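S.K.: Following this line is my_file_20.cif, made up of mmCIF, C-alpha atoms:
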data_start
#
loop_
_atom_site.group_PDB
_atom_site.id
_atom_site.type_symbol
_atom_site.label_atom_id
_atom_site.label_comp_id
_atom_site.auth_asym_id
_atom_site.auth_seq_id
_atom_site.Cartn_x
_atom_site.Cartn_y
_atom_site.Cartn_z
ATOM 1 C CA MET A 2 184.737 102.411 159.087
ATOM 2 C CA THR A 3 188.397 102.793 160.051
ATOM 3 C CA ASN A 4 190.740 100.515 158.116
ATOM 4 C CA ARG A 5 191.792 100.532 154.465
ATOM 5 C CA SER A 6 189.233 97.917 153.410
ATOM 6 C CA ALA A 7 186.436 99.953 154.962
ATOM 7 C CA ILE A 8 187.580 103.060 153.087
ATOM 8 C CA GLN A 9 187.542 101.142 149.801
ATOM 9 C CA ILE A 10 184.025 99.845 150.515
ATOM 10 C CA GLU A 11 182.928 103.424 151.057
ATOM 11 C CA ALA A 12 184.551 104.465 147.753
ATOM 12 C CA PHE A 13 182.845 101.563 145.978
ATOM 13 C CA LEU A 14 179.430 102.597 147.330
ATOM 14 C CA GLU A 15 180.018 106.189 146.239
ATOM 15 C CA MET A 16 180.855 104.963 142.728
ATOM 16 C CA MET A 17 177.703 102.801 142.599
ATOM 17 C CA SER A 18 175.603 105.786 143.608
ATOM 18 C CA ALA A 19 177.236 108.453 141.434
ATOM 19 C CA GLU A 20 178.077 106.493 138.277
ATOM 20 C CA ARG A 21 175.467 103.739 138.172
ATOM 21 C CA GLY A 22 172.571 105.441 139.913
ATOM 22 C CA ALA A 23 172.091 102.594 142.388
ATOM 23 C CA ALA A 24 168.995 102.993 144.569
ATOM 24 C CA ALA A 25 169.264 103.574 148.319
ATOM 25 C CA ASN A 26 168.004 100.043 149.056
ATOM 26 C CA THR A 27 170.614 98.556 146.714
ATOM 27 C CA LEU A 28 173.410 100.550 148.345
ATOM 28 C CA SER A 29 172.281 99.491 151.821
ATOM 29 C CA SER A 30 172.245 95.852 150.724
ATOM 30 C CA TYR A 31 175.767 96.111 149.251
ATOM 31 C CA GLU A 32 177.083 97.817 152.374
ATOM 32 C CA ARG A 33 175.529 95.233 154.680
ATOM 33 C CA ASP A 34 176.875 92.276 152.670
ATOM 34 C CA LEU A 35 180.374 93.695 152.238
ATOM 35 C CA GLU A 36 180.641 94.676 155.909
ATOM 36 C CA ASP A 37 179.703 91.129 156.900
ATOM 37 C CA ALA A 38 182.482 89.717 154.705
ATOM 38 C CA ARG A 39 184.953 92.304 156.007
ATOM 39 C CA SER A 40 184.182 91.403 159.639
ATOM 40 C CA PHE A 41 184.626 87.690 158.923
ATOM 41 C CA LEU A 42 188.004 88.276 157.269
ATOM 42 C CA LEU A 43 189.215 90.687 159.979
ATOM 43 C CA GLU A 44 188.621 88.017 162.625
ATOM 44 C CA ARG A 45 191.169 85.944 160.680
ATOM 45 C CA GLN A 46 193.626 88.861 160.342
ATOM 46 C CA VAL A 47 192.898 89.223 156.608
ATOM 47 C CA GLN A 48 192.376 92.630 155.008
ATOM 48 C CA MET A 49 189.449 92.430 152.600
ATOM 49 C CA THR A 50 191.390 94.276 149.901
ATOM 50 C CA LEU A 51 194.047 91.539 150.089
ATOM 51 C CA ALA A 52 191.724 88.503 150.325
ATOM 52 C CA THR A 53 192.554 85.417 148.258
ATOM 53 C CA PRO A 54 190.077 83.063 146.569
ATOM 54 C CA ASP A 55 190.590 80.614 149.456
ATOM 55 C CA ASN A 56 189.743 83.346 151.980
ATOM 56 C CA LEU A 57 186.502 84.052 150.141
ATOM 57 C CA ARG A 58 185.680 80.340 149.819
ATOM 58 C CA ALA A 59 186.061 80.126 153.582
ATOM 59 C CA TYR A 60 183.584 82.977 153.949
ATOM 60 C CA LEU A 61 181.032 81.260 151.678
ATOM 61 C CA GLY A 62 181.547 78.038 153.654
ATOM 62 C CA HIS A 63 180.863 80.002 156.838
ATOM 63 C CA LEU A 64 177.573 81.220 155.349
ATOM 64 C CA THR A 65 176.608 77.622 154.533
ATOM 65 C CA ARG A 66 177.287 76.517 158.107
ATOM 66 C CA GLN A 67 175.228 79.457 159.355
ATOM 67 C CA GLY A 68 172.244 78.128 157.386
ATOM 68 C CA PHE A 69 172.141 80.775 154.647
ATOM 69 C CA LYS A 70 170.171 79.706 151.581
ATOM 70 C CA ALA A 71 171.961 79.396 148.253
ATOM 71 C CA SER A 72 170.104 82.475 146.991
ATOM 72 C CA SER A 73 171.406 84.573 149.924
ATOM 73 C CA GLN A 74 174.945 83.288 149.384
ATOM 74 C CA ALA A 75 174.707 84.089 145.672
ATOM 75 C CA ARG A 76 173.623 87.638 146.487
ATOM 76 C CA ARG A 77 176.618 88.137 148.784
ATOM 77 C CA LEU A 78 178.974 86.667 146.214
ATOM 78 C CA SER A 79 177.521 89.057 143.652
ATOM 79 C CA ALA A 80 178.313 91.995 145.966
ATOM 80 C CA LEU A 81 181.871 90.711 146.365
ATOM 81 C CA ARG A 82 182.280 90.346 142.588
ATOM 82 C CA GLN A 83 181.168 93.935 142.037
ATOM 83 C CA PHE A 84 183.522 95.164 144.769
ATOM 84 C CA TYR A 85 186.610 93.364 143.455
ATOM 85 C CA LYS A 86 185.858 94.411 139.876
ATOM 86 C CA PHE A 87 185.856 97.974 141.181
ATOM 87 C CA LEU A 88 189.246 97.472 142.898
ATOM 88 C CA TYR A 89 190.680 95.961 139.716
ATOM 89 C CA ALA A 90 189.312 98.779 137.526
ATOM 90 C CA GLU A 91 190.779 101.388 139.901
ATOM 91 C CA GLY A 92 194.190 99.706 139.856
ATOM 92 C CA LEU A 93 193.953 98.841 143.552
ATOM 93 C CA ARG A 94 194.352 95.128 142.830
ATOM 94 C CA GLY A 95 196.020 93.311 139.990
ATOM 95 C CA ASP A 96 193.496 90.458 139.992
ATOM 96 C CA ASP A 97 189.911 89.562 140.827
ATOM 97 C CA PRO A 98 189.805 86.823 143.504
ATOM 98 C CA THR A 99 186.138 86.103 142.782
ATOM 99 C CA GLY A 100 186.821 85.226 139.138
ATOM 100 C CA ILE A 101 187.397 81.522 139.858
ATOM 101 C CA LEU A 102 184.713 81.124 142.528
ATOM 102 C CA ASP A 103 181.649 79.057 141.670
ATOM 103 C CA ALA A 104 178.272 80.513 142.507
ATOM 104 C CA PRO A 105 176.233 78.480 145.019
ATOM 105 C CA ARG A 106 173.734 76.287 143.226
ATOM 106 C CA LYS A 107 170.249 77.656 143.607
ATOM 107 C CA GLU A 108 167.156 75.530 143.403
ATOM 108 C CA ARG A 109 164.839 76.656 140.675
ATOM 109 C CA THR A 110 161.915 78.113 142.563
ATOM 110 C CA LEU A 111 158.824 79.130 140.672
ATOM 111 C CA PRO A 112 157.444 82.559 141.533
ATOM 112 C CA LYS A 113 154.193 82.776 143.467
ATOM 113 C CA THR A 114 151.401 84.064 141.328
ATOM 114 C CA LEU A 115 147.621 84.490 141.216
ATOM 115 C CA SER A 116 145.030 83.043 138.884
ATOM 116 C CA VAL A 117 143.209 85.334 136.485
ATOM 117 C CA ASP A 118 140.046 84.771 138.541
ATOM 118 C CA ASP A 119 141.797 85.858 141.751
ATOM 119 C CA VAL A 120 143.150 89.014 140.109
ATOM 120 C CA THR A 121 139.721 89.797 138.663
ATOM 121 C CA ARG A 122 138.138 89.388 142.090
ATOM 122 C CA LEU A 123 140.795 91.536 143.744
ATOM 123 C CA ILE A 124 140.524 94.375 141.234
ATOM 124 C CA GLY A 125 136.731 94.127 141.231
ATOM 125 C CA LEU A 126 136.581 94.622 144.996
ATOM 126 C CA ALA A 127 139.051 97.531 144.840
ATOM 127 C CA GLU A 128 136.879 99.180 142.183
ATOM 128 C CA GLU A 129 133.697 98.587 144.200
ATOM 129 C CA GLU A 130 135.236 100.058 147.351
ATOM 130 C CA ALA A 131 136.595 103.039 145.394
ATOM 131 C CA ARG A 132 133.088 103.898 144.154
ATOM 132 C CA ALA A 133 131.612 103.955 147.654
ATOM 133 C CA PRO A 134 131.569 107.434 149.278
ATOM 134 C CA GLY A 135 132.493 108.088 152.880
ATOM 135 C CA ALA A 136 135.593 108.191 155.047
ATOM 136 C CA ASN A 137 138.988 107.389 153.499
ATOM 137 C CA HIS A 138 137.544 107.744 149.981
ATOM 138 C CA LEU A 139 140.862 109.022 148.611
ATOM 139 C CA ASN A 140 142.749 106.066 150.109
ATOM 140 C CA ARG A 141 140.320 103.624 148.480
ATOM 141 C CA LEU A 142 140.678 105.388 145.131
ATOM 142 C CA ARG A 143 144.438 105.227 145.591
ATOM 143 C CA MET A 144 144.348 101.472 146.232
ATOM 144 C CA HIS A 145 142.271 100.911 143.100
ATOM 145 C CA ALA A 146 144.679 103.008 141.012
ATOM 146 C CA LEU A 147 147.727 101.218 142.489
ATOM 147 C CA ILE A 148 146.404 97.741 141.709
ATOM 148 C CA GLU A 149 145.206 98.643 138.215
ATOM 149 C CA LEU A 150 148.594 100.206 137.395
ATOM 150 C CA LEU A 151 150.563 97.312 138.857
ATOM 151 C CA TYR A 152 148.639 94.607 137.028
ATOM 152 C CA ALA A 153 148.528 96.606 133.778
ATOM 153 C CA THR A 154 152.269 97.299 133.673
ATOM 154 C CA GLY A 155 154.087 94.756 135.893
ATOM 155 C CA MET A 156 156.096 97.575 137.487
ATOM 156 C CA ARG A 157 158.321 96.958 140.480
ATOM 157 C CA VAL A 158 156.608 98.226 143.615
ATOM 158 C CA SER A 159 159.411 100.772 144.150
ATOM 159 C CA GLU A 160 158.788 102.123 140.636
ATOM 160 C CA LEU A 161 155.047 102.269 141.229
ATOM 161 C CA VAL A 162 154.910 104.129 144.542
ATOM 162 C CA SER A 163 157.495 106.702 143.382
ATOM 163 C CA LEU A 164 155.773 107.634 140.104
ATOM 164 C CA PRO A 165 155.885 111.410 139.509
ATOM 165 C CA ALA A 166 152.766 113.568 139.757
ATOM 166 C CA THR A 167 153.250 114.527 136.089
ATOM 167 C CA VAL A 168 151.714 111.150 135.199
ATOM 168 C CA LEU A 169 148.300 112.753 135.795
ATOM 169 C CA ALA A 170 148.911 115.259 132.998
ATOM 170 C CA GLN A 171 149.528 112.542 130.405
ATOM 171 C CA ASN A 172 146.806 111.717 127.912
ATOM 172 C CA GLY A 173 148.365 108.772 126.079
ATOM 173 C CA ARG A 174 148.045 105.072 126.744
ATOM 174 C CA PHE A 175 151.730 104.643 127.514
ATOM 175 C CA LEU A 176 153.720 105.413 130.621
ATOM 176 C CA VAL A 177 157.448 106.076 130.937
ATOM 177 C CA VAL A 178 158.857 104.152 133.927
ATOM 178 C CA LYS A 179 162.258 104.860 135.419
ATOM 179 C CA GLY A 180 163.726 101.558 136.615
ATOM 180 C CA LYS A 181 166.993 100.253 137.998
ATOM 181 C CA GLY A 182 170.033 102.322 137.089
ATOM 182 C CA ASN A 183 167.670 105.140 136.020
ATOM 183 C CA LYS A 184 166.914 103.239 132.814
ATOM 184 C CA GLU A 185 163.634 104.276 131.248
ATOM 185 C CA ARG A 186 161.156 101.966 129.542
ATOM 186 C CA LEU A 187 157.757 102.432 127.944
ATOM 187 C CA VAL A 188 154.813 100.407 129.296
ATOM 188 C CA PRO A 189 151.225 100.385 128.001
ATOM 189 C CA LEU A 190 148.242 101.241 130.215
ATOM 190 C CA SER A 191 144.904 99.463 130.113
ATOM 191 C CA ARG A 192 141.707 101.496 129.780
ATOM 192 C CA SER A 193 140.683 100.460 133.297
ATOM 193 C CA ALA A 194 144.034 101.637 134.686
ATOM 194 C CA ILE A 195 143.632 105.015 132.966
ATOM 195 C CA ALA A 196 140.094 105.384 134.343
ATOM 196 C CA ALA A 197 141.195 104.474 137.895
ATOM 197 C CA LEU A 198 144.098 106.910 137.635
ATOM 198 C CA GLN A 199 141.882 109.746 136.457
ATOM 199 C CA ALA A 200 139.306 109.150 139.218
ATOM 200 C CA TYR A 201 142.041 109.134 141.852
ATOM 201 C CA GLY A 202 143.757 112.189 140.351
ATOM 202 C CA ALA A 203 140.557 114.263 140.342
ATOM 203 C CA VAL A 204 139.862 113.671 144.058
ATOM 204 C CA LEU A 205 143.536 114.169 144.939
ATOM 205 C CA ALA A 206 143.545 117.541 143.149
ATOM 206 C CA ASP A 207 140.388 118.650 145.001
ATOM 207 C CA LYS A 208 141.917 117.706 148.340
ATOM 208 C CA GLN A 209 145.185 119.513 147.608
ATOM 209 C CA ALA A 210 143.302 122.617 146.412
ATOM 210 C CA SER A 211 141.286 122.743 149.629
ATOM 211 C CA GLN A 212 144.378 122.703 151.864
ATOM 212 C CA GLU A 213 145.732 126.143 152.618
ATOM 213 C CA ASN A 214 149.486 126.653 152.183
ATOM 214 C CA ALA A 215 149.799 123.052 151.007
ATOM 215 C CA ARG A 216 152.901 122.387 148.916
ATOM 216 C CA GLU A 217 152.208 120.521 145.708
ATOM 217 C CA SER A 218 153.799 117.080 145.864
ATOM 218 C CA LEU A 219 156.228 115.855 143.215
ATOM 219 C CA TYR A 220 154.745 112.352 143.480
ATOM 220 C CA LEU A 221 151.604 110.678 142.210
ATOM 221 C CA PHE A 222 151.054 108.948 145.541
ATOM 222 C CA PRO A 223 152.178 111.602 148.057
ATOM 223 C CA SER A 224 152.864 110.789 151.693
ATOM 224 C CA THR A 225 154.337 112.366 154.808
ATOM 225 C CA SER A 226 157.112 109.752 154.712
ATOM 226 C CA LYS A 227 160.768 110.780 154.548
ATOM 227 C CA GLU A 228 160.844 110.056 150.810
ATOM 228 C CA GLY A 229 157.659 112.032 150.163
ATOM 229 C CA PHE A 230 155.787 109.153 148.516
ATOM 230 C CA LEU A 231 153.733 106.192 149.739
ATOM 231 C CA PRO A 232 156.008 103.651 151.492
ATOM 232 C CA ARG A 233 155.895 100.282 149.741
ATOM 233 C CA GLN A 234 155.350 98.603 153.127
ATOM 234 C CA VAL A 235 152.100 100.568 153.549
ATOM 235 C CA PHE A 236 150.918 99.490 150.097
ATOM 236 C CA ALA A 237 151.824 95.858 150.863
ATOM 237 C CA ARG A 238 149.898 95.998 154.148
ATOM 238 C CA ASP A 239 146.811 97.538 152.540
ATOM 239 C CA LEU A 240 146.974 95.015 149.697
ATOM 240 C CA LYS A 241 146.863 92.123 152.174
ATOM 241 C CA GLY A 242 143.834 93.722 153.813
ATOM 242 C CA LEU A 243 142.080 93.957 150.457
ATOM 243 C CA ALA A 244 142.966 90.327 149.701
ATOM 244 C CA SER A 245 141.385 89.182 152.969
ATOM 245 C CA ARG A 246 138.187 91.067 152.156
ATOM 246 C CA ALA A 247 138.186 89.491 148.669
ATOM 247 C CA GLY A 248 138.462 85.981 150.114
ATOM 248 C CA ILE A 249 142.071 85.509 148.962
ATOM 249 C CA ARG A 250 144.607 84.218 151.483
ATOM 250 C CA ALA A 251 146.565 87.318 152.469
ATOM 251 C CA SER A 252 149.798 85.388 153.133
ATOM 252 C CA THR A 253 150.002 84.478 149.428
ATOM 253 C CA LEU A 254 149.759 88.059 148.208
ATOM 254 C CA SER A 255 152.245 90.913 147.878
ATOM 255 C CA PRO A 256 152.885 93.601 145.257
ATOM 256 C CA HIS A 257 155.609 91.365 143.810
ATOM 257 C CA VAL A 258 153.108 88.524 143.364
ATOM 258 C CA LEU A 259 150.955 90.840 141.225
ATOM 259 C CA ARG A 260 154.041 91.619 139.122
ATOM 260 C CA HIS A 261 154.528 87.869 138.632
ATOM 261 C CA ALA A 262 150.838 87.472 137.758
ATOM 262 C CA PHE A 263 151.209 90.179 135.089
ATOM 263 C CA ALA A 264 154.116 88.305 133.458
ATOM 264 C CA SER A 265 152.601 84.826 133.788
ATOM 265 C CA HIS A 266 149.220 85.832 132.363
ATOM 266 C CA LEU A 267 150.865 87.565 129.394
ATOM 267 C CA LEU A 268 152.870 84.453 128.566
ATOM 268 C CA GLN A 269 149.857 82.176 129.039
ATOM 269 C CA ASN A 270 148.057 84.231 126.418
ATOM 270 C CA GLY A 271 150.785 84.082 123.807
ATOM 271 C CA ALA A 272 153.200 86.920 124.627
ATOM 272 C CA ASP A 273 156.849 86.554 123.618
ATOM 273 C CA LEU A 274 159.426 86.096 126.405
ATOM 274 C CA ARG A 275 161.541 88.964 125.026
ATOM 275 C CA ALA A 276 158.556 91.310 125.082
ATOM 276 C CA VAL A 277 157.853 90.382 128.703
ATOM 277 C CA GLN A 278 161.530 91.002 129.504
ATOM 278 C CA GLU A 279 161.218 94.545 128.128
ATOM 279 C CA LEU A 280 157.997 95.243 130.014
ATOM 280 C CA LEU A 281 159.411 93.997 133.322
ATOM 281 C CA GLY A 282 162.612 96.005 132.882
ATOM 282 C CA HIS A 283 164.913 92.971 133.163
ATOM 283 C CA SER A 284 168.357 93.779 131.764
ATOM 284 C CA ASP A 285 169.121 90.081 131.186
ATOM 285 C CA ILE A 286 166.786 87.510 129.603
ATOM 286 C CA SER A 287 168.026 84.929 132.127
ATOM 287 C CA THR A 288 166.091 86.775 134.850
ATOM 288 C CA THR A 289 162.885 86.481 132.831
ATOM 289 C CA GLN A 290 163.466 82.772 132.238
ATOM 290 C CA ILE A 291 161.962 81.922 135.630
ATOM 291 C CA TYR A 292 158.713 82.059 133.648
ATOM 292 C CA THR A 293 159.715 79.341 131.162
ATOM 293 C CA HIS A 294 157.458 76.891 133.045
ATOM 294 C CA VAL A 295 154.524 78.950 131.750
ATOM 295 C CA LEU A 296 155.811 78.618 128.192
ATOM 296 C CA GLU A 297 156.301 74.860 128.663
ATOM 297 C CA GLU A 298 152.702 74.477 129.853
ATOM 298 C CA ARG A 299 151.473 76.552 126.891
ATOM 299 C CA LEU A 300 153.457 74.462 124.383
ATOM 300 C CA HIS A 301 152.122 71.268 125.953
ATOM 301 C CA ARG A 302 148.526 72.502 125.557
ATOM 302 C CA LEU A 303 149.299 73.609 121.998
ATOM 303 C CA VAL A 304 150.497 70.125 121.039
ATOM 304 C CA GLN A 305 147.621 68.399 122.813
ATOM 305 C CA ASP A 306 145.026 70.637 121.173
ATOM 306 C CA HIS A 307 146.392 70.889 117.636
ATOM 307 C CA HIS A 308 148.759 67.998 116.793
ATOM 308 C CA PRO A 309 147.010 65.373 114.602
ATOM 309 C CA LEU A 310 148.389 62.415 116.576
ATOM 310 C CA ALA A 311 147.315 63.946 119.867
ATOM 311 C CA LYS A 312 143.807 64.461 118.450
ATOM 312 C CA GLN A 313 143.672 60.839 117.324
ATOM 313 C CA ALA A 314 144.702 59.653 120.786
ATOM 314 C CA LYS A 315 141.763 61.566 122.281
ATOM 315 C CA LYS A 316 139.161 59.866 120.051
ATOM 316 C CA PRO A 317 136.974 57.334 121.911
ATOM 317 C CA GLU A 318 137.186 53.757 120.654
#
Starting from the file, give its structure as structure tokens.

M.R.:
Amino acid sequence: MTNRSAIQIEAFLEMMSAERGAAANTLSSYERDLEDARSFLLERQVQMTLATPDNLRAYLGHLTRQGFKASSQARRLSALRQFYKFLYAEGLRGDDPTGILDAPRKERTLPKTLSVDDVTRLIGLAEEEARAPGANHLNRLRMHALIELLYATGMRVSELVSLPATVLAQNGRFLVVKGKGNKERLVPLSRSAIAALQAYGAVLADKQASQENARESLYLFPSTSKEGFLPRQVFARDLKGLASRAGIRASTLSPHVLRHAFASHLLQNGADLRAVQELLGHSDISTTQIYTHVLEERLHRLVQDHHPLAKQAKKPE
């Protein structure tokens, strides 16, 4: 980074990290998106810090011509909005050029999910494999604990794999999860999740005790990775392997799909949308509203099953 705009991007990223506790992945995404916009504007002899609404519309038009989906364009516009709000707040600009820009229209896409039967089969196989002795026993116990925790709480995969080792010392049925922006929320644990966690923790402790000069890890799912905990990509890969063995198409499954299954199954069984918002750690209810199709289906069944006129329509002549 050499010019003034690049310096301001760097200052913005530092602010996001220091003041808002943005995660490393979030910062990388912001940097990548803002650098792309800066390069586009520089080719047209426009400093990013001095860009007008028309300059930014031209950039969004460029993304459209490049074949970017509306969701990708919206993400980049969001990064630009945050950046120009920062410049305005710091007194580096007297206006926000993104204020009058319309967000690209996104198609409403329903999240992929799993049926209750599929989840039951997946967890059942993980439990069966975890009980079997032999090579890689700890890894199989870990997979069972990961899936039970994910489906019981709906955590983001990044929150799950980075859980602290202190979780093993807890006796209650609730877990404190640190989410985006270091915000903490309380999530309940199922009995099966607690049992899987305890079984995994006992074998993990034995292994760590048997290793000479081994440093005790800070994380529940320790790894030799740079971060010190299980990489989410490794969990995603192992989850697909488990899905294949359970007779579930691996291409349809990811940790995020299990998070969606958690939310969808709660709503199908009568949970309130606001409660699901809290459990998922969504700061805005609009994010949780992707699940309104589940509520619509539930209301339709409610009317069909309980409304007097609907019951009369079902009666045979």

S.K.: Could you tell me how far CA of Ser252 (chain A) sits from CA of Ser72 (chain A), in Å to one decimal place?

M.R.: 21.4 Å

S.K.: Using the chain letters and numbering of this document, enumerate as a list in words the residues selected by the PyMOL selection byres ((chain A and resi 186) around 8).

M.R.: Val177, Val178, Lys179, Gly180, Lys184, Glu185, Leu187, Val188, Glu279, Leu280 and Gly282 of chain A

S.K.: When you look at Leu221 (chain A) with a cut-off of 12 Å (counting all atoms listed in the file), what residues show up, excluding the ones that are within fewer than 3 positions of it in the same chain? I need them as a CSV table (one decimal) with C-alpha atoms, keeping the file's coordinate frame.

M.R.:
chain,number,residue,atom,x,y,z
A,143,ARG,CA,144.4,105.2,145.6
A,146,ALA,CA,144.7,103.0,141.0
A,147,LEU,CA,147.7,101.2,142.5
A,150,LEU,CA,148.6,100.2,137.4
A,160,GLU,CA,158.8,102.1,140.6
A,161,LEU,CA,155.0,102.3,141.2
A,162,VAL,CA,154.9,104.1,144.5
A,163,SER,CA,157.5,106.7,143.4
A,164,LEU,CA,155.8,107.6,140.1
A,165,PRO,CA,155.9,111.4,139.5
A,166,ALA,CA,152.8,113.6,139.8
A,167,THR,CA,153.2,114.5,136.1
A,168,VAL,CA,151.7,111.2,135.2
A,169,LEU,CA,148.3,112.8,135.8
A,170,ALA,CA,148.9,115.3,133.0
A,198,LEU,CA,144.1,106.9,137.6
A,199,GLN,CA,141.9,109.7,136.5
A,201,TYR,CA,142.0,109.1,141.9
A,202,GLY,CA,143.8,112.2,140.4
A,203,ALA,CA,140.6,114.3,140.3
A,205,LEU,CA,143.5,114.2,144.9
A,206,ALA,CA,143.5,117.5,143.1
A,217,GLU,CA,152.2,120.5,145.7
A,218,SER,CA,153.8,117.1,145.9
A,224,SER,CA,152.9,110.8,151.7
A,229,GLY,CA,157.7,112.0,150.2
A,230,PHE,CA,155.8,109.2,148.5
A,231,LEU,CA,153.7,106.2,149.7

S.K.: Please produce, as a Markdown table, a per-residue contact table for region 192-272 of chain A versus region 112-129 of chain A (criterion: any atom at most 12 Å away, all atoms listed in the file considered), showing the nearest atom pair and its distance in Å to one decimal, sorted by chain then residue number.

M.R.:
| residue | atom | partner | partner_atom | distance |
| --- | --- | --- | --- | --- |
| A:Ser193 | CA | A:Glu128 | CA | 9.8 |
| A:Ala194 | CA | A:Ile124 | CA | 10.4 |
| A:Ala196 | CA | A:Glu128 | CA | 10.5 |
| A:Ala197 | CA | A:Glu128 | CA | 8.1 |
| A:Leu198 | CA | A:Glu128 | CA | 11.5 |
| A:Ala200 | CA | A:Glu128 | CA | 10.7 |
| A:Tyr201 | CA | A:Glu128 | CA | 11.2 |
| A:Asp239 | CA | A:Ala127 | CA | 10.9 |
| A:Leu240 | CA | A:Leu123 | CA | 9.3 |
| A:Lys241 | CA | A:Leu123 | CA | 10.4 |
| A:Gly242 | CA | A:Leu123 | CA | 10.7 |
| A:Leu243 | CA | A:Leu123 | CA | 7.3 |
| A:Ala244 | CA | A:Leu123 | CA | 6.5 |
| A:Ser245 | CA | A:Leu123 | CA | 9.5 |
| A:Arg246 | CA | A:Leu126 | CA | 8.2 |
| A:Ala247 | CA | A:Leu123 | CA | 5.9 |
| A:Gly248 | CA | A:Arg122 | CA | 8.7 |
| A:Ile249 | CA | A:Asp119 | CA | 7.2 |
| A:Arg250 | CA | A:Asp119 | CA | 10.3 |
| A:Ala251 | CA | A:Leu123 | CA | 11.3 |
| A:Ser252 | CA | A:Lys113 | CA | 10.9 |
| A:Thr253 | CA | A:Lys113 | CA | 7.5 |
| A:Leu254 | CA | A:Thr114 | CA | 8.1 |
| A:Ser255 | CA | A:Lys113 | CA | 9.5 |
| A:Pro256 | CA | A:Thr114 | CA | 10.4 |
| A:His257 | CA | A:Lys113 | CA | 8.7 |
| A:Val258 | CA | A:Thr114 | CA | 5.2 |
| A:Leu259 | CA | A:Thr114 | CA | 6.8 |
| A:Arg260 | CA | A:Thr114 | CA | 8.3 |
| A:His261 | CA | A:Thr114 | CA | 5.6 |
| A:Ala262 | CA | A:Thr114 | CA | 5.0 |
| A:Phe263 | CA | A:Thr114 | CA | 8.7 |
| A:Ala264 | CA | A:Thr114 | CA | 9.3 |
| A:Ser265 | CA | A:Thr114 | CA | 7.7 |
| A:His266 | CA | A:Val117 | CA | 7.3 |
| A:Leu267 | CA | A:Val117 | CA | 10.7 |
| A:Gln269 | CA | A:Val117 | CA | 10.5 |
| A:Asn270 | CA | A:Val117 | CA | 11.2 |

S.K.: Hey, which of A:Tyr31, A:Phe236, A:Phe69, A:Phe175 ends up closest to Leu14 (chain A)? Count only C-alpha atoms.

M.R.: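 Looking only at the distances to Leu14 (chain A), the closest residue turns out to be A:Tyr31.
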
S.K.: List as an MDAnalysis selection string: which residues have an atom within 12 Å of (174.6, 85.3, 148.6), counting all atoms listed in the file?

M.R.: chainID A and resid 30:31 33:35 37:38 60:65 68:82 103:107

S.K.: Do you have the CA of Ile10 (chain A)-CA of Asn183 (chain A) distance handy?

M.R.: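 Computing the Euclidean distance for CA of Ile10 (chain A) and CA of Asn183 (chain A) yields 22.5 Å.
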
S.K.: Could you check how far CA of Leu139 (chain A) sits from CA of Gln209 (chain A), in Å to one decimal?

M.R.: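 Separation of CA of Leu139 (chain A) and CA of Gln209 (chain A): 11.4 Å.
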
S.K.: Mind checking which residues fall within 12 Å of Gly95 (chain A), counting all atoms listed in the file, ignoring those fewer than 6 positions away in the same chain, and posting them as a list in words?

M.R.: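 Contacts, with the query itself left out: Thr50, Leu51, Thr53, Tyr85, Lys86, Phe87, Leu88 and Tyr89 of chain A.
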